[in-house]
Protein chains: 4
Amino acid sequence: MAIPLRVRYFEADQQGVVFNMWYLAYFEDARNAYLEAVGYPLQALLASGHDIQVVAVNIAWKGSVRWGDTDVEVVAHVSRIGESSLTFDFEVKRRDVTLVTGQTVYVIIAADGSGKRPVPADLRAAVTAANRNREG
Amino acid sequence: MAIPLRVRYFEADQQGVVFNMWYLAYFEDARNAYLEAVGYPLQALLASGHDIQVVAVNIAWKGSVRWGDTDVEVVAHVSRIGESSLTFDFEVKRRDVTLVTGQTVYVIIAADGSGKRPVPADLRAAVTAANRNREG
Amino acid sequence: MAIPLRVRYFEADQQGVVFNMWYLAYFEDARNAYLEAVGYPLQALLASGHDIQVVAVNIAWKGSVRWGDTDVEVVAHVSRIGESSLTFDFEVKRRDVTLVTGQTVYVIIAADGSGKRPVPADLRAAVTAANRNREG
Amino acid sequence: MAIPLRVRYFEADQQGVVFNMWYLAYFEDARNAYLEAVGYPLQALLASGHDIQVVAVNIAWKGSVRWGDTDVEVVAHVSRIGESSLTFDFEVKRRDVTLVTGQTVYVIIAADGSGKRPVPADLRAAVTAANRNREG
């Protein structure tokens, strides 16, 4: 699952490269596109009385992205699915070159603030099917 | 009513100056500080079942602000108070030099989405008192 | 010339609608897409030793845009071309309904900081041709 | 070394809490304030022909920050200083409660793009002195 990355002009800072925080915006976009692609959009999760909370992120840079770059995409997949959590792995790539990698851990919570919830069965099934296709 | 302006590094773009949209963030900050200073913070407005909605903005640049600039402030006052609306005027100044001016028009609405509401009497009184001090 | 508008999750604030400043990001995107579409991308302008500076903006809201909205687009055209300046008009539309309008005035400057420059002849010709097509 | 954290209204998303990416903006602010406090501001580094590049970040959330929160601060210190790199540790705290922790690794590079450089001796000395004071 990959989405094209189009850098907005202002996301590049005085060094001419994308400022670090915007990668978390790109990852969020890619996660939402992933959920849509596997048939369980974030809206479905919200409508079922759940919400999703980020509890950890990490990002590592080998290269950088500039405004005007073409052929850059963000690749996302779920690398781990726990009782209440989903770990997404992200790669920002220019053609075959990996520029930036990242990982975010999300926890499924009740929308009413009453705490953690198991990953809904439909979401778990959708992710598992996507992973099978990815490996298959 | 003035607040110091501290530009964050990433708000300056590849041209080395603050990207235009961030001024609307600064104005929002200055508006909130103004409401607090006159004794009617936004939280009080929200707690009273109202909300505030921007309906128009304009900004004009005579100069620019850079990351690392000191002695820059945003000056705010209410230039017009209507039945349901408040017009704020903003000036971004480096010492005595005006660099950027702006104006935002807000409408007071019911928090339940049922439409416009008169400016609450306490808020009107607070703004009127602030304007009297300003002119006096 | 229209570009689809895809709101990022974090651009919607606690009111559930896009925070005002992000419209200036959308307008910048639409302006860059316009310049590309008429065959004179911003990169060409920069490569010719020029730069572009915003000197005035205004925005007016009749409606709002939410995260997850589909069928929203930003329409851009040049409404005025002066000796050194270009005025862009923007409309944010959901199908046929105009939600937000805006206008930005840009001045062409020398990249070396030596001040205003005439709009390059190629850019003027490209805009004029685009306007002719638009009206024709 | 601690800086007060004032959340801007729009940094809180529809969940009512600060959207994850803004913490990287706060960390950048805290890092710049740290460098200033130890007597080696980023401007000094830039003026010496160097620049600073983030190569890795991580953030972990135990709690969250909301717009309007008071008594929140970002604490920064350098936890490791290598040949060419500096690792900053950050804590976002509400009074004595740690809400968010983070770490960023920066590499010192030549401003001309020719690659890594040793941490300047003055910067190393300033950080070492700050750490001695911290522990002492």
# chains A, B, ... in the order shown; residues from 1 in each chain; ligands from 1
>>> residues_around(residues="region 114-118 of chain B", least_positions_apart="3", cutoff="7 Å", atoms="only C-alpha atoms", output="PyMOL selection string")
chain B and resi 83-84+107-110
>>> write_last_selection(atoms="C-alpha atoms", output="compact mmCIF listing (two decimals), in the first residue's frame")
# COMPACT_ATOMS: atom_id res chain seq x y z
CA GLU B 83 -24.66 42.67 17.05
CA SER B 84 -23.07 39.20 16.65
CA VAL B 107 -19.11 35.76 14.55
CA ILE B 108 -20.47 34.49 17.84
CA ILE B 109 -22.47 31.31 17.34
CA ALA B 110 -24.34 28.88 19.55
>>> select_by_dssp(residues="chain B", states="strand (DSSP E)", output="MDAnalysis selection string")
chainID B and resid 2:4 50:61 72:81 85:94 97:110
>>> write_last_selection(atoms="C-alpha atoms", output="PDB file, in the first residue's frame")
ATOM      1  CA  ALA B   2       0.590  43.117  22.644  1.00  0.00           C
ATOM      2  CA  ILE B   3       2.173  39.703  22.726  1.00  0.00           C
ATOM      3  CA  PRO B   4       5.790  38.954  21.888  1.00  0.00           C
ATOM      4  CA  HIS B  50     -21.088  29.862  22.599  1.00  0.00           C
ATOM      5  CA  ASP B  51     -18.383  29.417  20.065  1.00  0.00           C
ATOM      6  CA  ILE B  52     -16.560  31.808  17.766  1.00  0.00           C
ATOM      7  CA  GLN B  53     -16.217  31.444  14.022  1.00  0.00           C
ATOM      8  CA  VAL B  54     -13.958  33.314  11.674  1.00  0.00           C
ATOM      9  CA  VAL B  55     -15.858  34.603   8.630  1.00  0.00           C
ATOM     10  CA  ALA B  56     -13.261  36.839   6.987  1.00  0.00           C
ATOM     11  CA  VAL B  57      -9.568  37.632   7.206  1.00  0.00           C
ATOM     12  CA  ASN B  58      -7.184  39.854   5.382  1.00  0.00           C
ATOM     13  CA  ILE B  59      -3.455  40.366   5.724  1.00  0.00           C
ATOM     14  CA  ALA B  60      -1.121  42.903   4.101  1.00  0.00           C
ATOM     15  CA  TRP B  61       2.665  42.700   4.148  1.00  0.00           C
ATOM     16  CA  VAL B  72       8.790  41.587  17.316  1.00  0.00           C
ATOM     17  CA  GLU B  73       5.293  41.724  18.751  1.00  0.00           C
ATOM     18  CA  VAL B  74       1.703  41.314  17.673  1.00  0.00           C
ATOM     19  CA  VAL B  75      -0.619  44.118  18.757  1.00  0.00           C
ATOM     20  CA  ALA B  76      -4.352  43.378  18.859  1.00  0.00           C
ATOM     21  CA  HIS B  77      -7.456  45.404  19.484  1.00  0.00           C
ATOM     22  CA  VAL B  78     -11.140  45.205  18.607  1.00  0.00           C
ATOM     23  CA  SER B  79     -11.935  47.802  15.963  1.00  0.00           C
ATOM     24  CA  ARG B  80     -15.644  47.040  15.627  1.00  0.00           C
ATOM     25  CA  ILE B  81     -18.224  45.263  17.687  1.00  0.00           C
ATOM     26  CA  SER B  85     -19.607  40.015  15.391  1.00  0.00           C
ATOM     27  CA  LEU B  86     -16.216  41.223  16.537  1.00  0.00           C
ATOM     28  CA  THR B  87     -13.571  42.665  14.234  1.00  0.00           C
ATOM     29  CA  PHE B  88      -9.980  42.395  15.432  1.00  0.00           C
ATOM     30  CA  ASP B  89      -7.176  44.502  14.005  1.00  0.00           C
ATOM     31  CA  PHE B  90      -3.636  43.166  14.264  1.00  0.00           C
ATOM     32  CA  GLU B  91      -0.249  44.742  13.726  1.00  0.00           C
ATOM     33  CA  VAL B  92       3.024  42.825  13.650  1.00  0.00           C
ATOM     34  CA  LYS B  93       5.700  45.324  14.669  1.00  0.00           C
ATOM     35  CA  ARG B  94       9.464  45.323  15.070  1.00  0.00           C
ATOM     36  CA  VAL B  97       7.993  49.642  12.485  1.00  0.00           C
ATOM     37  CA  THR B  98       4.791  47.979  11.296  1.00  0.00           C
ATOM     38  CA  LEU B  99       5.666  44.945   9.184  1.00  0.00           C
ATOM     39  CA  VAL B 100       2.339  43.228   8.685  1.00  0.00           C
ATOM     40  CA  THR B 101      -1.257  44.231   9.331  1.00  0.00           C
ATOM     41  CA  GLY B 102      -4.312  42.061   9.461  1.00  0.00           C
ATOM     42  CA  GLN B 103      -7.956  41.988  10.287  1.00  0.00           C
ATOM     43  CA  THR B 104     -10.218  39.100  11.208  1.00  0.00           C
ATOM     44  CA  VAL B 105     -13.985  39.130  11.587  1.00  0.00           C
ATOM     45  CA  TYR B 106     -15.510  36.665  14.034  1.00  0.00           C
ATOM     46  CA  VAL B 107     -19.110  35.760  14.547  1.00  0.00           C
ATOM     47  CA  ILE B 108     -20.475  34.489  17.841  1.00  0.00           C
ATOM     48  CA  ILE B 109     -22.466  31.310  17.345  1.00  0.00           C
ATOM     49  CA  ALA B 110     -24.339  28.877  19.549  1.00  0.00           C
TER      50      ALA B 110
END
>>> atom_distance(atom1="CA of Ala126 (chain D)", atom2="CA of Asp71 (chain D)")
28.2 Å
>>> select_by_dssp(residues="chain C", states="helix (DSSP H, G or I)", output="NGL selection string")
:C and (9-11 or 22-37 or 42-47 or 121-135)
>>> interface_residues(of="chain D", to="chain C", cutoff="10 Å", atoms="only C-alpha atoms", output="ChimeraX atom specification")
/D:9-21,67
>>> atom_distance(atom1="CA of Tyr34 (chain A)", atom2="CA of Arg8 (chain C)")
14.3 Å
>>> atom_distance(atom1="CA of Arg6 (chain D)", atom2="CA of Arg66 (chain B)")
20.5 Å
>>> residues_around(residues="region 133-135 of chain D", least_positions_apart="2", cutoff="9 Å", atoms="only C-alpha atoms", output="PDB file with C-alpha atoms, in the first residue's frame")
ATOM      1  CA  MET D   1      16.764  23.591  31.085  1.00  0.00           C
ATOM      2  CA  HIS D  77      19.197  18.024  28.113  1.00  0.00           C
ATOM      3  CA  THR D 128      29.659  19.375  29.106  1.00  0.00           C
ATOM      4  CA  ALA D 129      29.456  22.324  31.504  1.00  0.00           C
ATOM      5  CA  ALA D 130      25.649  22.236  31.412  1.00  0.00           C
ATOM      6  CA  ASN D 131      25.661  18.524  32.183  1.00  0.00           C
TER       7      ASN D 131
END
>>> residues_around(residues="Tyr40 (chain D)", least_positions_apart="2", cutoff="10 Å", atoms="only C-alpha atoms", output="ChimeraX atom specification")
/D:32-38,42-45,122-127
